[in-house]
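Chemist: What follows is run_12.txt; its format and atoms are compact mmCIF, C-alpha atoms.
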```
# COMPACT_ATOMS: atom_id res chain seq x y z
CA MET P 1 -20.17 -22.61 -39.47
CA GLN P 2 -18.66 -23.96 -36.27
CA GLU P 3 -17.77 -20.50 -35.03
CA SER P 4 -21.31 -19.26 -35.39
CA ALA P 5 -22.65 -22.48 -33.89
CA LEU P 6 -20.41 -22.04 -30.87
CA PHE P 7 -21.40 -18.39 -30.52
CA GLU P 8 -25.06 -19.40 -30.54
CA TYR P 9 -24.43 -22.19 -28.02
CA VAL P 10 -22.60 -19.96 -25.55
CA LEU P 11 -25.16 -17.21 -25.98
CA ARG P 12 -27.93 -19.62 -24.96
CA LEU P 13 -26.06 -20.53 -21.79
CA SER P 14 -25.47 -16.86 -20.95
CA ASP P 15 -29.04 -15.80 -21.67
CA ASP P 16 -30.41 -18.58 -19.46
CA SER P 17 -28.22 -17.34 -16.61
CA LEU P 18 -28.96 -13.66 -17.15
CA ILE P 19 -32.74 -13.94 -17.34
CA LEU P 20 -32.92 -16.36 -14.42
CA ALA P 21 -30.73 -13.98 -12.41
CA GLN P 22 -33.05 -11.11 -13.25
CA ARG P 23 -36.06 -13.11 -12.07
CA LEU P 24 -34.35 -14.19 -8.84
CA GLY P 25 -33.30 -10.60 -8.22
CA GLU P 26 -36.97 -9.66 -8.03
CA TRP P 27 -37.04 -11.49 -4.69
CA CYS P 28 -34.59 -9.01 -3.19
CA GLY P 29 -36.28 -7.58 -0.12
CA HIS P 30 -39.36 -9.80 -0.64
CA GLY P 31 -38.15 -13.26 0.43
CA PRO P 32 -40.51 -15.18 2.72
CA ILE P 33 -37.75 -15.37 5.35
CA LEU P 34 -34.48 -13.47 5.59
CA GLU P 35 -32.35 -16.56 4.88
CA GLU P 36 -34.18 -17.24 1.63
CA ASP P 37 -34.07 -13.62 0.58
CA ILE P 38 -30.30 -13.88 0.90
CA ALA P 39 -30.09 -17.32 -0.71
CA LEU P 40 -32.10 -16.37 -3.80
CA THR P 41 -30.15 -13.17 -4.36
CA ASN P 42 -26.83 -14.99 -3.85
CA ILE P 43 -27.85 -17.53 -6.47
CA SER P 44 -28.84 -14.64 -8.71
CA LEU P 45 -25.39 -13.13 -8.23
CA ASP P 46 -23.69 -16.42 -9.14
CA HIS P 47 -25.69 -16.44 -12.37
CA ILE P 48 -24.80 -12.85 -13.19
CA GLY P 49 -21.15 -13.76 -12.68
CA GLN P 50 -21.49 -16.82 -14.92
CA ALA P 51 -23.30 -14.73 -17.53
CA ILE P 52 -20.45 -12.18 -17.58
CA SER P 53 -17.86 -14.91 -18.23
CA LEU P 54 -20.07 -16.56 -20.86
CA TYR P 55 -20.88 -13.28 -22.67
CA ASP P 56 -17.17 -12.43 -22.70
CA LEU P 57 -16.53 -15.79 -24.34
CA ALA P 58 -19.40 -15.33 -26.84
CA ALA P 59 -18.09 -11.87 -27.73
CA ALA P 60 -14.59 -13.25 -28.26
CA ILE P 61 -15.92 -16.01 -30.52
CA GLU P 62 -17.97 -13.51 -32.49
CA GLY P 63 -14.96 -11.22 -32.85
CA LYS P 64 -16.93 -8.04 -33.55
CA GLY P 65 -15.69 -6.22 -30.48
CA ARG P 66 -18.96 -6.39 -28.56
CA THR P 67 -18.70 -6.30 -24.76
CA HIS P 68 -20.62 -8.37 -22.22
CA ASP P 69 -22.70 -5.31 -21.38
CA GLN P 70 -23.67 -4.80 -25.00
CA LEU P 71 -24.74 -8.42 -25.28
CA ALA P 72 -26.65 -8.30 -22.02
CA TYR P 73 -28.35 -4.94 -22.43
CA LEU P 74 -28.54 -3.96 -26.08
CA ARG P 75 -30.30 -6.70 -27.95
CA TYR P 76 -33.93 -6.99 -29.00
CA GLU P 77 -36.23 -9.58 -27.55
CA ASN P 78 -35.95 -11.99 -30.49
CA GLU P 79 -32.16 -12.01 -30.13
CA TYR P 80 -32.31 -13.50 -26.61
CA LYS P 81 -32.08 -17.29 -26.73
CA ASN P 82 -32.95 -18.32 -23.18
CA VAL P 83 -35.46 -21.11 -22.55
CA LEU P 84 -39.01 -20.09 -21.69
CA LEU P 85 -38.67 -21.74 -18.28
CA VAL P 86 -36.34 -19.08 -16.85
CA GLU P 87 -38.54 -16.16 -17.89
CA GLN P 88 -41.65 -17.50 -16.18
CA PRO P 89 -42.87 -15.25 -13.36
CA ASN P 90 -41.73 -15.96 -9.81
CA GLY P 91 -45.26 -16.75 -8.62
CA ASP P 92 -45.22 -17.99 -5.04
CA PHE P 93 -42.14 -19.40 -3.31
CA ALA P 94 -42.99 -22.92 -4.53
CA MET P 95 -43.15 -21.73 -8.16
CA THR P 96 -39.75 -20.01 -7.86
CA LEU P 97 -38.10 -23.01 -6.21
CA LEU P 98 -39.55 -25.56 -8.63
CA ARG P 99 -38.43 -23.43 -11.59
CA GLN P 100 -35.00 -23.28 -9.96
CA PHE P 101 -34.93 -27.00 -9.29
CA PHE P 102 -35.83 -27.93 -12.87
CA PHE P 103 -33.13 -25.57 -14.12
CA ASP P 104 -30.40 -26.60 -11.63
CA ALA P 105 -30.99 -30.28 -12.37
CA PHE P 106 -30.26 -29.46 -16.03
CA ARG P 107 -27.33 -27.08 -15.53
CA LEU P 108 -25.33 -29.34 -13.22
CA PRO P 109 -24.84 -32.30 -15.59
CA LEU P 110 -24.38 -29.88 -18.48
CA TYR P 111 -21.51 -28.09 -16.73
CA GLU P 112 -20.04 -31.41 -15.61
CA ALA P 113 -19.96 -32.55 -19.23
CA LEU P 114 -18.69 -29.21 -20.57
CA MET P 115 -15.68 -29.43 -18.24
CA GLN P 116 -14.40 -32.02 -20.74
CA SER P 117 -14.98 -29.79 -23.75
CA PRO P 118 -11.95 -29.15 -25.98
CA VAL P 119 -13.12 -25.51 -26.15
CA GLU P 120 -10.71 -24.50 -23.41
CA GLN P 121 -12.38 -21.33 -22.18
CA LEU P 122 -15.80 -22.99 -22.08
CA ALA P 123 -14.35 -25.88 -20.07
CA ALA P 124 -12.78 -23.37 -17.66
CA ILE P 125 -16.06 -21.52 -17.12
CA ALA P 126 -17.85 -24.84 -16.61
CA ALA P 127 -15.25 -25.99 -14.06
CA LYS P 128 -15.68 -22.73 -12.17
CA SER P 129 -19.48 -22.68 -12.33
CA VAL P 130 -20.07 -26.34 -11.54
CA LYS P 131 -19.05 -25.73 -7.95
CA GLU P 132 -21.64 -22.99 -7.55
CA THR P 133 -24.32 -25.01 -9.31
CA ARG P 134 -23.88 -27.91 -6.88
CA TYR P 135 -24.91 -25.59 -4.06
CA HIS P 136 -27.84 -24.30 -6.09
CA LEU P 137 -29.18 -27.79 -6.79
CA LYS P 138 -28.71 -28.84 -3.19
CA HIS P 139 -30.64 -25.78 -2.04
CA SER P 140 -33.52 -26.16 -4.50
CA SER P 141 -33.81 -29.96 -4.02
CA GLU P 142 -34.01 -29.61 -0.27
CA TRP P 143 -36.80 -27.06 -0.61
CA VAL P 144 -38.73 -29.21 -3.06
CA ILE P 145 -38.61 -32.07 -0.56
CA ARG P 146 -39.46 -29.83 2.39
CA MET P 147 -42.47 -28.38 0.59
CA GLY P 148 -43.68 -31.59 -1.04
CA ASP P 149 -43.36 -33.66 2.10
CA GLY P 150 -44.41 -30.78 4.34
CA THR P 151 -47.88 -29.49 5.10
CA GLU P 152 -50.97 -30.02 3.01
CA GLU P 153 -50.74 -26.42 1.82
CA SER P 154 -47.05 -26.57 0.86
CA HIS P 155 -47.56 -29.92 -0.88
CA GLN P 156 -50.49 -28.59 -2.89
CA ARG P 157 -48.54 -25.46 -3.92
CA ALA P 158 -45.46 -27.44 -4.91
CA GLN P 159 -47.58 -29.83 -7.00
CA ALA P 160 -49.37 -26.89 -8.63
CA ALA P 161 -45.99 -25.38 -9.55
CA ILE P 162 -44.86 -28.67 -11.11
CA ASP P 163 -48.11 -29.01 -13.04
CA HIS P 164 -47.68 -25.50 -14.41
CA LEU P 165 -43.94 -25.58 -15.16
CA TRP P 166 -43.72 -29.09 -16.58
CA ARG P 167 -44.69 -27.88 -20.09
CA TYR P 168 -41.52 -25.73 -20.20
CA THR P 169 -39.02 -28.41 -19.16
CA ASN P 170 -38.73 -30.22 -22.47
CA GLU P 171 -37.24 -27.14 -24.11
CA LEU P 172 -34.15 -27.44 -21.89
CA PHE P 173 -33.05 -30.25 -24.22
CA TYR P 174 -33.76 -28.39 -27.45
CA GLU P 175 -31.38 -29.19 -30.29
CA ASP P 176 -30.92 -27.70 -33.71
CA ALA P 177 -28.29 -27.82 -36.45
CA HIS P 178 -25.90 -25.73 -34.31
CA ASP P 179 -25.98 -28.25 -31.48
CA GLN P 180 -25.65 -31.19 -33.82
CA ALA P 181 -22.60 -29.67 -35.52
CA LEU P 182 -20.93 -29.06 -32.16
CA GLN P 183 -21.84 -32.51 -30.88
CA ALA P 184 -20.46 -34.14 -34.02
CA ALA P 185 -17.21 -32.25 -33.46
CA GLY P 186 -17.11 -33.55 -29.87
CA LYS P 187 -17.28 -30.05 -28.37
CA VAL P 188 -20.52 -30.35 -26.41
CA PRO P 189 -22.46 -33.26 -24.88
CA SER P 190 -25.60 -34.74 -26.42
CA MET P 191 -28.87 -33.40 -25.10
CA ALA P 192 -30.35 -36.90 -24.94
CA GLU P 193 -27.69 -37.75 -22.38
CA MET P 194 -28.48 -34.56 -20.42
CA GLN P 195 -32.18 -35.35 -20.49
CA ALA P 196 -31.58 -38.82 -19.06
CA LYS P 197 -29.52 -37.36 -16.20
CA TRP P 198 -32.06 -34.63 -15.57
CA MET P 199 -34.89 -37.14 -15.47
CA ALA P 200 -33.00 -39.30 -12.95
CA THR P 201 -32.51 -36.34 -10.59
CA VAL P 202 -36.06 -35.08 -11.00
CA THR P 203 -37.57 -38.52 -10.48
CA SER P 204 -35.61 -39.23 -7.31
CA VAL P 205 -36.22 -35.82 -5.72
CA LEU P 206 -39.93 -35.70 -6.56
CA GLN P 207 -40.35 -39.21 -5.24
CA GLU P 208 -38.69 -38.24 -1.96
CA ALA P 209 -40.93 -35.17 -1.90
CA THR P 210 -44.10 -37.27 -2.47
CA LEU P 211 -44.79 -35.16 -5.55
CA GLU P 212 -45.88 -36.41 -8.93
CA ILE P 213 -44.68 -35.99 -12.46
CA PRO P 214 -47.65 -34.78 -14.53
CA LYS P 215 -49.18 -37.20 -17.00
CA ASN P 216 -49.87 -34.33 -19.37
CA ASN P 217 -47.14 -34.10 -21.98
CA TRP P 218 -48.13 -30.76 -23.44
CA LYS P 219 -44.88 -28.99 -24.41
CA PHE P 220 -43.94 -25.38 -25.01
CA ASP P 221 -40.85 -24.10 -26.74
CA GLY P 222 -39.58 -21.18 -28.86
CA GLY P 223 -37.16 -19.43 -26.53
CA ARG P 224 -34.09 -20.99 -28.14
CA GLU P 225 -35.26 -19.50 -31.46
CA GLY P 226 -36.00 -16.11 -29.95
CA ARG P 227 -39.78 -16.57 -29.70
CA HIS P 228 -40.61 -15.70 -26.13
CA SER P 229 -43.61 -15.67 -23.85
CA GLU P 230 -45.40 -12.39 -23.11
CA HIS P 231 -43.34 -12.02 -19.92
CA MET P 232 -40.06 -11.44 -21.69
CA GLY P 233 -40.74 -7.88 -22.82
CA TYR P 234 -41.41 -6.77 -19.25
CA ILE P 235 -38.22 -8.39 -18.02
CA LEU P 236 -36.18 -6.67 -20.71
CA SER P 237 -37.70 -3.26 -20.08
CA ASP P 238 -36.59 -3.52 -16.45
CA LEU P 239 -33.23 -5.04 -17.34
CA GLN P 240 -32.36 -2.59 -20.10
CA TYR P 241 -33.84 0.58 -18.66
CA MET P 242 -30.64 2.12 -17.28
CA GLN P 243 -28.58 1.29 -20.35
CA ARG P 244 -31.23 2.72 -22.70
CA ALA P 245 -31.75 5.83 -20.56
CA TYR P 246 -28.02 6.45 -20.06
CA PRO P 247 -26.28 4.86 -23.06
CA ASN P 248 -22.87 3.30 -22.34
CA MET P 249 -23.11 3.84 -18.61
CA GLU P 250 -20.95 1.56 -16.47
CA TRP P 251 -20.94 0.82 -12.77
CA MET I 1 13.75 -2.09 -10.28
CA VAL I 2 11.22 -4.10 -8.30
CA SER I 3 11.21 -7.87 -8.40
CA GLU I 4 8.40 -10.41 -8.38
CA THR I 5 9.15 -11.06 -4.70
CA ASP I 6 8.71 -7.35 -3.91
CA ILE I 7 5.37 -7.30 -5.65
CA ARG I 8 4.23 -10.41 -3.82
CA ALA I 9 5.18 -8.70 -0.56
CA TYR I 10 3.20 -5.57 -1.51
CA LEU I 11 0.16 -7.71 -2.22
CA GLU I 12 0.27 -8.92 1.40
CA GLU I 13 -1.03 -5.45 2.22
CA VAL I 14 -4.12 -5.74 0.01
CA SER I 15 -7.07 -7.09 1.93
CA ASP I 16 -10.35 -8.69 0.94
CA PRO I 17 -12.97 -5.90 1.15
CA GLU I 18 -15.62 -8.30 2.51
CA ILE I 19 -13.35 -9.99 5.06
CA PRO I 20 -10.76 -7.31 5.84
CA VAL I 21 -8.66 -9.57 8.10
CA LEU I 22 -7.71 -11.66 5.08
CA THR I 23 -5.15 -10.48 2.59
CA ILE I 24 -5.49 -11.57 -1.01
CA THR I 25 -2.44 -13.80 -0.56
CA ASP I 26 -4.12 -15.49 2.44
CA LEU I 27 -7.12 -16.05 0.20
CA GLY I 28 -4.94 -17.78 -2.39
CA VAL I 29 -6.25 -15.80 -5.35
CA VAL I 30 -2.85 -14.50 -6.51
CA GLN I 31 -1.24 -16.71 -9.15
CA GLN I 32 1.69 -15.88 -11.47
CA ILE I 33 3.32 -12.47 -11.40
CA TYR I 34 5.50 -11.57 -14.35
CA LEU I 35 6.86 -8.72 -16.42
CA GLN I 36 5.54 -8.39 -19.96
CA ASP I 37 6.54 -5.45 -22.19
CA GLN I 38 7.46 -3.27 -19.22
CA THR I 39 4.16 -4.06 -17.48
CA TRP I 40 3.78 -6.17 -14.37
CA ILE I 41 1.01 -8.71 -14.90
CA VAL I 42 -0.66 -10.04 -11.77
CA GLU I 43 -2.83 -13.10 -12.34
CA LEU I 44 -5.88 -13.40 -10.10
CA THR I 45 -8.32 -16.32 -9.80
CA PRO I 46 -11.87 -15.22 -8.99
CA THR I 47 -13.41 -16.90 -5.95
CA TYR I 48 -17.11 -16.98 -6.96
CA SER I 49 -18.21 -15.99 -10.48
CA GLY I 50 -20.35 -13.12 -9.28
CA CYS I 51 -18.33 -12.04 -6.26
CA PRO I 52 -18.45 -8.22 -6.28
CA ALA I 53 -15.32 -8.11 -4.10
CA MET I 54 -13.17 -9.16 -7.07
CA GLN I 55 -13.60 -5.80 -8.80
CA GLN I 56 -12.74 -3.94 -5.62
CA ILE I 57 -9.70 -6.16 -5.10
CA GLU I 58 -8.45 -5.23 -8.55
CA VAL I 59 -8.87 -1.50 -7.84
CA ASP I 60 -7.19 -1.80 -4.42
CA LEU I 61 -4.35 -3.91 -5.80
CA LEU I 62 -3.50 -1.44 -8.56
CA ALA I 63 -3.70 1.47 -6.11
CA LYS I 64 -1.37 -0.34 -3.70
CA LEU I 65 1.20 -1.05 -6.41
CA LYS I 66 1.03 2.56 -7.58
CA GLU I 67 1.63 3.72 -4.01
CA LYS I 68 4.67 1.42 -3.87
CA GLY I 69 6.06 2.92 -7.05
CA VAL I 70 4.78 0.35 -9.55
CA PRO I 71 2.39 2.34 -11.75
CA ASN I 72 2.59 0.01 -14.73
CA ALA I 73 0.69 -3.03 -13.51
CA GLN I 74 -2.24 -4.95 -14.91
CA VAL I 75 -4.56 -7.59 -13.53
CA LYS I 76 -5.32 -10.67 -15.56
CA HIS I 77 -8.18 -12.94 -14.50
CA ILE I 78 -7.49 -16.65 -14.72
CA LEU I 79 -10.42 -19.08 -14.64
CA SER I 80 -8.55 -22.34 -14.85
CA PRO I 81 -7.68 -24.08 -12.62
CA ALA I 82 -10.69 -22.86 -10.67
CA TRP I 83 -10.18 -21.44 -7.22
CA THR I 84 -10.86 -23.75 -4.28
CA THR I 85 -11.01 -23.04 -0.56
CA ASP I 86 -8.03 -25.42 -0.25
CA TRP I 87 -5.93 -22.47 -1.42
CA ILE I 88 -6.70 -20.42 1.69
CA THR I 89 -3.46 -20.48 3.67
CA GLU I 90 -3.11 -21.85 7.20
CA ALA I 91 -2.50 -18.29 8.43
CA GLY I 92 -5.66 -17.24 6.64
CA ARG I 93 -7.70 -19.96 8.35
CA GLN I 94 -6.38 -18.86 11.73
CA LYS I 95 -7.32 -15.23 10.99
CA LEU I 96 -10.81 -16.24 9.91
CA ARG I 97 -11.40 -18.11 13.16
CA LEU I 98 -10.21 -15.17 15.28
CA TYR I 99 -12.46 -12.88 13.27
CA GLY I 100 -15.47 -15.07 14.10
CA ILE I 101 -15.85 -16.93 10.80
CA ALA I 102 -15.45 -20.70 10.86
CA PRO I 103 -12.90 -21.67 8.19
CA PRO I 104 -13.82 -24.30 5.57
CA VAL I 105 -13.64 -27.90 6.75
CA ASN I 106 -12.97 -30.78 4.45
CA GLU I 107 -16.29 -31.99 3.08
CA PRO I 108 -15.52 -35.41 1.64
CA ASP I 109 -18.33 -35.93 -0.83
CA LYS I 110 -19.18 -32.58 -2.36
CA THR I 111 -20.79 -34.17 -5.37
CA ALA I 112 -23.53 -36.03 -3.47
CA LEU I 113 -26.88 -34.31 -3.75
CA PHE I 114 -27.88 -35.29 -0.25
CA SER I 115 -25.36 -35.33 2.52
CA GLU I 116 -25.26 -34.17 6.10
CA PRO I 117 -24.12 -30.58 6.51
CA PRO I 118 -20.47 -30.51 7.58
CA ARG I 119 -19.49 -30.54 11.26
CA VAL I 120 -18.27 -27.05 11.89
CA SER I 121 -16.87 -25.97 15.22
CA CYS I 122 -17.95 -22.67 16.75
CA PRO I 123 -15.30 -19.97 16.26
CA LYS I 124 -16.21 -18.48 19.67
CA CYS I 125 -16.38 -21.47 22.04
CA ASN I 126 -15.03 -24.31 19.87
CA SER I 127 -18.06 -26.51 20.49
CA ASN I 128 -18.95 -28.99 17.77
CA ASN I 129 -22.57 -28.76 18.75
CA THR I 130 -23.55 -26.43 15.93
CA ARG I 131 -26.25 -26.49 13.27
CA MET I 132 -26.58 -25.05 9.82
CA VAL I 133 -29.27 -22.37 9.63
CA SER I 134 -28.96 -21.63 5.93
CA LEU I 135 -26.79 -22.83 3.05
CA PHE I 136 -26.36 -19.21 1.97
CA GLY I 137 -25.03 -16.60 4.37
CA SER I 138 -24.09 -12.94 4.22
CA THR I 139 -22.08 -13.46 1.04
CA ALA I 140 -21.98 -16.18 -1.63
CA CYS I 141 -18.95 -17.79 0.00
CA LYS I 142 -20.53 -18.28 3.42
CA ALA I 143 -23.21 -20.40 5.05
CA HIS I 144 -25.06 -19.37 8.19
CA TYR I 145 -24.60 -21.46 11.34
CA GLN I 146 -25.54 -21.27 14.98
CA CYS I 147 -23.77 -22.74 17.99
CA ALA I 148 -26.04 -24.71 20.32
CA ALA I 149 -23.56 -24.46 23.21
CA CYS I 150 -23.01 -20.68 23.37
CA GLN I 151 -25.90 -19.63 21.09
CA GLU I 152 -23.58 -17.58 18.93
CA PRO I 153 -24.79 -17.16 15.33
CA PHE I 154 -21.79 -17.27 13.00
CA ASP I 155 -20.68 -17.46 9.38
CA TYR I 156 -19.05 -20.56 7.98
CA PHE I 157 -16.74 -20.14 5.00
CA LYS I 158 -18.14 -22.86 2.73
CA CYS I 159 -15.86 -25.49 1.33
CA LEU I 160 -15.59 -24.93 -2.41
CA LYS I 161 -13.96 -27.73 -4.38
```
Do you think you could lay out the structure here as C-alpha cells?
Modeler:
Amino acid sequence: MQESALFEYVLRLSDDSLILAQRLGEWCGHGPILEEDIALTNISLDHIGQAISLYDLAAAIEGKGRTHDQLAYLRYENEYKNVLLVEQPNGDFAMTLLRQFFFDAFRLPLYEALMQSPVEQLAAIAAKSVKETRYHLKHSSEWVIRMGDGTEESHQRAQAAIDHLWRYTNELFYEDAHDQALQAAGKVPSMAEMQAKWMATVTSVLQEATLEIPKNNWKFDGGREGRHSEHMGYILSDLQYMQRAYPNMEW
Amino acid sequence: MVSETDIRAYLEEVSDPEIPVLTITDLGVVQQIYLQDQTWIVELTPTYSGCPAMQQIEVDLLAKLKEKGVPNAQVKHILSPAWTTDWITEAGRQKLRLYGIAPPVNEPDKTALFSEPPRVSCPKCNSNNTRMVSLFGSTACKAHYQCAACQEPFDYFKCLK
C-alpha cells in the first residue's frame, strides 16, 4: 500500500513539473521582452530537470523497469496526475505569471517540508529543487506586484488572471487515501499546513500588489484523479509527438 | 595502475561546456572517486536540475579518461548534499572574473521573499555601481546585470545555497 501511495505521490509532483514546463516552453521566442523570454524558459528547464529526477524516483519505487522518458511520454491522458492549474493556457503575460505565482507559492513550502522526509531520495530532490524554486517565487512575486501596482491596464489584467485562475488553486491541496497514508507514516507534510503557508504568501503579495482575492469560492478539481480539462489533450499531442512518431528515440 | 589522485588530475582538464574557462574541479561538482569491481566511479553533483551542461560534462569526462588510458569509468550522479556555489574554488572565482562573469557573492538571507538584489561588482571596471537587469540570464545559473560606471552588460553567477 505505502509503495503504491508513494509512487502516486511522486508521480503527481513530476507531472506538475512536466506539464508546467511544457506550458512555459511555449513562450520560447514569444516573450514580451527578451529577459522574460529567457526567464520563463529557464524556469521551464528547471522544472524539466526536477521532473527527470522525480520520474526516476517514481520508476524506482514502482520497480517495473520504466524509464523517466516512458513515464513522461508514453502514458494516456487519464494517467497524468497534475493539477488543472498547470495545464491552463498561457493567456497573456499576466495569466502566465499569476499561474506561476500560485504554483510557486505552493511548491516552495512543499519542498521545504519534504527536505525533512525520511524517504531519502525524495528529501534529496527537494533539497536540490528548493533552491531553484526560491528564485522562481521571487521572480513571479515581483511581477505580480509590478503588474498589480503598475498601470491601470496591467492591474486590470492581473486581476482578471486572478479571477480566472482562483477556481483552480484549491486543488493544489487535494488529499486522498494515498496522501493520508503517507502523512500518517510521517513521510510527507499535511496539506492543511501547506495551504496555510500558501495563503500567507498569496495574501501578502496580493496586498502589496493592490490586487484582490476573489470572493467567489467556485472550485475545480479532477487533475489529481486523471480527469483533465480540454486543454490537456493538446498539450500531450505536442509533448508526445516525437516519441510516438519515432518510438524509443533519445536525444 | 592509475590512482584516485591521477584521475582527479585528469579531471582538471575537463571544462564546463557553458563556461569553458572553468574546469569541473573549479566548479566543485566532482565528489568521491573510487574503484568498484574494476570500474572507476566518479561521483558528480548536478548544479541545476535541468542544466543541459551536465550531460555534456559526463560525455567529455568519460572521453578524457579514455584518452588517458582509463576506459573503464562510470559517472554516478549524487543529489545530496545539494551543490552550492560555495563549492566553486577560489581559483574558479578568479577565472570567472577574468572571463567577464561576476562570481557569486554571499547573499545573507536567501530565504527572504523580498530582499535587495546583491551588490555585485563589475568584472570589467570593478565599480559597485551596478544594477540587476534580470534575475535570469543566459543560463539558469546566471543573472543579468549592467554596470552604471562603464555601461558594460555582464553576467552574474547567482549565489545558490
Chemist: Quick check: residues of chain P within 6 Å of chain I, all atoms listed in the file, returned as number ranges by chain.
Modeler: P: 39, 42, 45-46, 48-50, 124, 128, 138
Chemist: Where does segment 132-167 of chain P meet segment 204-216 of chain P within 8 Å, residue by residue, with the nearest atom pair and distance in Å to one decimal for each, counting all atoms listed in the file, listed by chain and rising number, as JSON lines?
Modeler:
```
{"residue": "P:Ser141", "atom": "CA", "partner": "P:Val205", "partner_atom": "CA", "distance": 6.6}
{"residue": "P:Val144", "atom": "CA", "partner": "P:Ala209", "partner_atom": "CA", "distance": 6.5}
{"residue": "P:Ile145", "atom": "CA", "partner": "P:Ala209", "partner_atom": "CA", "distance": 4.1}
{"residue": "P:Arg146", "atom": "CA", "partner": "P:Ala209", "partner_atom": "CA", "distance": 7.0}
{"residue": "P:Met147", "atom": "CA", "partner": "P:Ala209", "partner_atom": "CA", "distance": 7.4}
{"residue": "P:Gly148", "atom": "CA", "partner": "P:Ala209", "partner_atom": "CA", "distance": 4.6}
{"residue": "P:Asp149", "atom": "CA", "partner": "P:Ala209", "partner_atom": "CA", "distance": 4.9}
{"residue": "P:His155", "atom": "CA", "partner": "P:Leu211", "partner_atom": "CA", "distance": 7.5}
{"residue": "P:Ala158", "atom": "CA", "partner": "P:Leu211", "partner_atom": "CA", "distance": 7.8}
{"residue": "P:Gln159", "atom": "CA", "partner": "P:Leu211", "partner_atom": "CA", "distance": 6.2}
{"residue": "P:Ile162", "atom": "CA", "partner": "P:Ile213", "partner_atom": "CA", "distance": 7.4}
{"residue": "P:Asp163", "atom": "CA", "partner": "P:Pro214", "partner_atom": "CA", "distance": 6.0}
{"residue": "P:Trp166", "atom": "CA", "partner": "P:Pro214", "partner_atom": "CA", "distance": 7.2}
```
Chemist: Just C-alpha atoms for this one: save the residues we selected as a tab-separated table (two decimals), in the coordinates of the input.
Modeler:
```tsv
chain	number	residue	atom	x	y	z
P	141	SER	CA	-33.81	-29.96	-4.02
P	144	VAL	CA	-38.73	-29.21	-3.06
P	145	ILE	CA	-38.61	-32.07	-0.56
P	146	ARG	CA	-39.46	-29.83	2.39
P	147	MET	CA	-42.47	-28.38	0.59
P	148	GLY	CA	-43.68	-31.59	-1.04
P	149	ASP	CA	-43.36	-33.66	2.10
P	155	HIS	CA	-47.56	-29.92	-0.88
P	158	ALA	CA	-45.46	-27.44	-4.91
P	159	GLN	CA	-47.58	-29.83	-7.00
P	162	ILE	CA	-44.86	-28.67	-11.11
P	163	ASP	CA	-48.11	-29.01	-13.04
P	166	TRP	CA	-43.72	-29.09	-16.58
```
Chemist: So, with only C-alpha atoms as the atoms that count, which of P:Ala161, P:Val202, P:Met191, P:Leu239 lies closest to Asp104 of chain P?
Modeler: P:Val202
Chemist: Considering all atoms listed in the file, can you say which of P:Val188, P:Ala113, P:Thr41, P:Leu18 comes closest to Asp69 of chain P?
Modeler: P:Leu18
Chemist: Figure out the distance between atom CA of Thr5 of chain I and atom CA of Ile33 of chain I, please, to one decimal in Å.
Modeler: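 If I compute the distance from atom CA of Ile33 of chain I to atom CA of Thr5 of chain I, I get 9.0 Å.
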Chemist: For the atom pair atom CA of Leu44 of chain I and atom CA of Gln116 of chain P, what is the interatomic distance in Å to one decimal place?
Modeler: 23.1 Å
Chemist: For Glu26 of chain P, work out the shell of residues within 10 Å, counting all atoms listed in the file and skipping chain neighbours fewer than 6 positions away, then give it as a ChimeraX atom specification.
Modeler: /P:37,40-41,44,89-90
Chemist: For Ile38 of chain P, which residue out of I:Cys122, I:Cys147, I:Lys142, I:Arg97 is the nearest one, using all atoms listed in the file?
Modeler: I:Lys142
Chemist: Find the residues around Ala73 of chain I up to 10 Å (only C-alpha atoms counted), leave out those fewer than 5 positions away in its own chain, and share them as number ranges by chain.
Modeler: I: 34-36, 38-42, 61-63, 65-66
Chemist: Let me have the centre and edge lengths in Å, one decimal, of the box along x, y and z around every listed atom of segment 142-146 of chain I with 5 Å of margin on each side, as JSON.
Modeler:
```
{"center_x": -23.0, "center_y": -19.9, "center_z": 9.2, "size_x": 15.0, "size_y": 13.2, "size_z": 21.6}
```
Chemist: Can you work out the spacing between atom CA of Leu24 of chain P and atom CA of Tyr111 of chain P in Å, to one decimal?
Modeler: 20.5 Å
Chemist: Find, counting all atoms listed in the file, the residue in P:Ala5, P:Ala21, P:Met242, P:Ala181 that gets nearest to Val86 of chain P.
Modeler: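 Closest to Val86 of chain P, using all atoms listed in the file: P:Ala21.
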Chemist: Can you tell me, as a VMD selection string, what residues are no more than 9 Å from Pro103 of chain I when counting all atoms listed in the file, ignoring any on the same chain fewer than 5 positions away?
Modeler: chain I and resid 92 to 97 120 123 155 to 159
Chemist: Identify which of the residues I:Glu116, I:Glu58, I:Asp16, I:Asp26 lies closest to Glu43 of chain I, counting only C-alpha atoms when measuring atom-to-atom distances.
Modeler: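 Residue with the minimum atom-to-atom distance to Glu43 of chain I: I:Glu58.
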Chemist: Could you list, as a short mmCIF file (atom, residue, chain, number, x, y, z; two decimals) with C-alpha atoms, in the coordinates of the input, every residue within 8 Å of Gln240 of chain P, counting all atoms listed in the file and ignoring same-chain residues fewer than 3 positions away?
Modeler:
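File written: selection_5.cif
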```cif
data_model
loop_
_atom_site.label_atom_id
_atom_site.label_comp_id
_atom_site.auth_asym_id
_atom_site.auth_seq_id
_atom_site.Cartn_x
_atom_site.Cartn_y
_atom_site.Cartn_z
CA TYR P 73 -28.35 -4.94 -22.43
CA LEU P 74 -28.54 -3.96 -26.08
CA LEU P 236 -36.18 -6.67 -20.71
CA SER P 237 -37.70 -3.26 -20.08
CA GLN P 243 -28.58 1.29 -20.35
CA ARG P 244 -31.23 2.72 -22.70
#
```
Chemist: Return the single residue from P:Gly91, P:Tyr135, P:Glu36, P:Ala192 that is closest to Asp179 of chain P, with distances computed using only C-alpha atoms.
Modeler: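 The answer is P:Ala192, which sits nearest to Asp179 of chain P.
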Chemist: What's around Ala9 of chain I at 12 Å? Count all atoms listed in the file, leave out sequence neighbours fewer than 3 positions away in its own chain, and write the answer as a list in words.
Modeler: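 Contacts, in chain order: Val2, Ser3, Glu4, Thr5, Asp6, Glu12, Glu13, Val14, Thr23, Ile24, Thr25, Asp26, Val30, Ile33, Leu61, Lys64, Leu65 and Lys68 of chain I.
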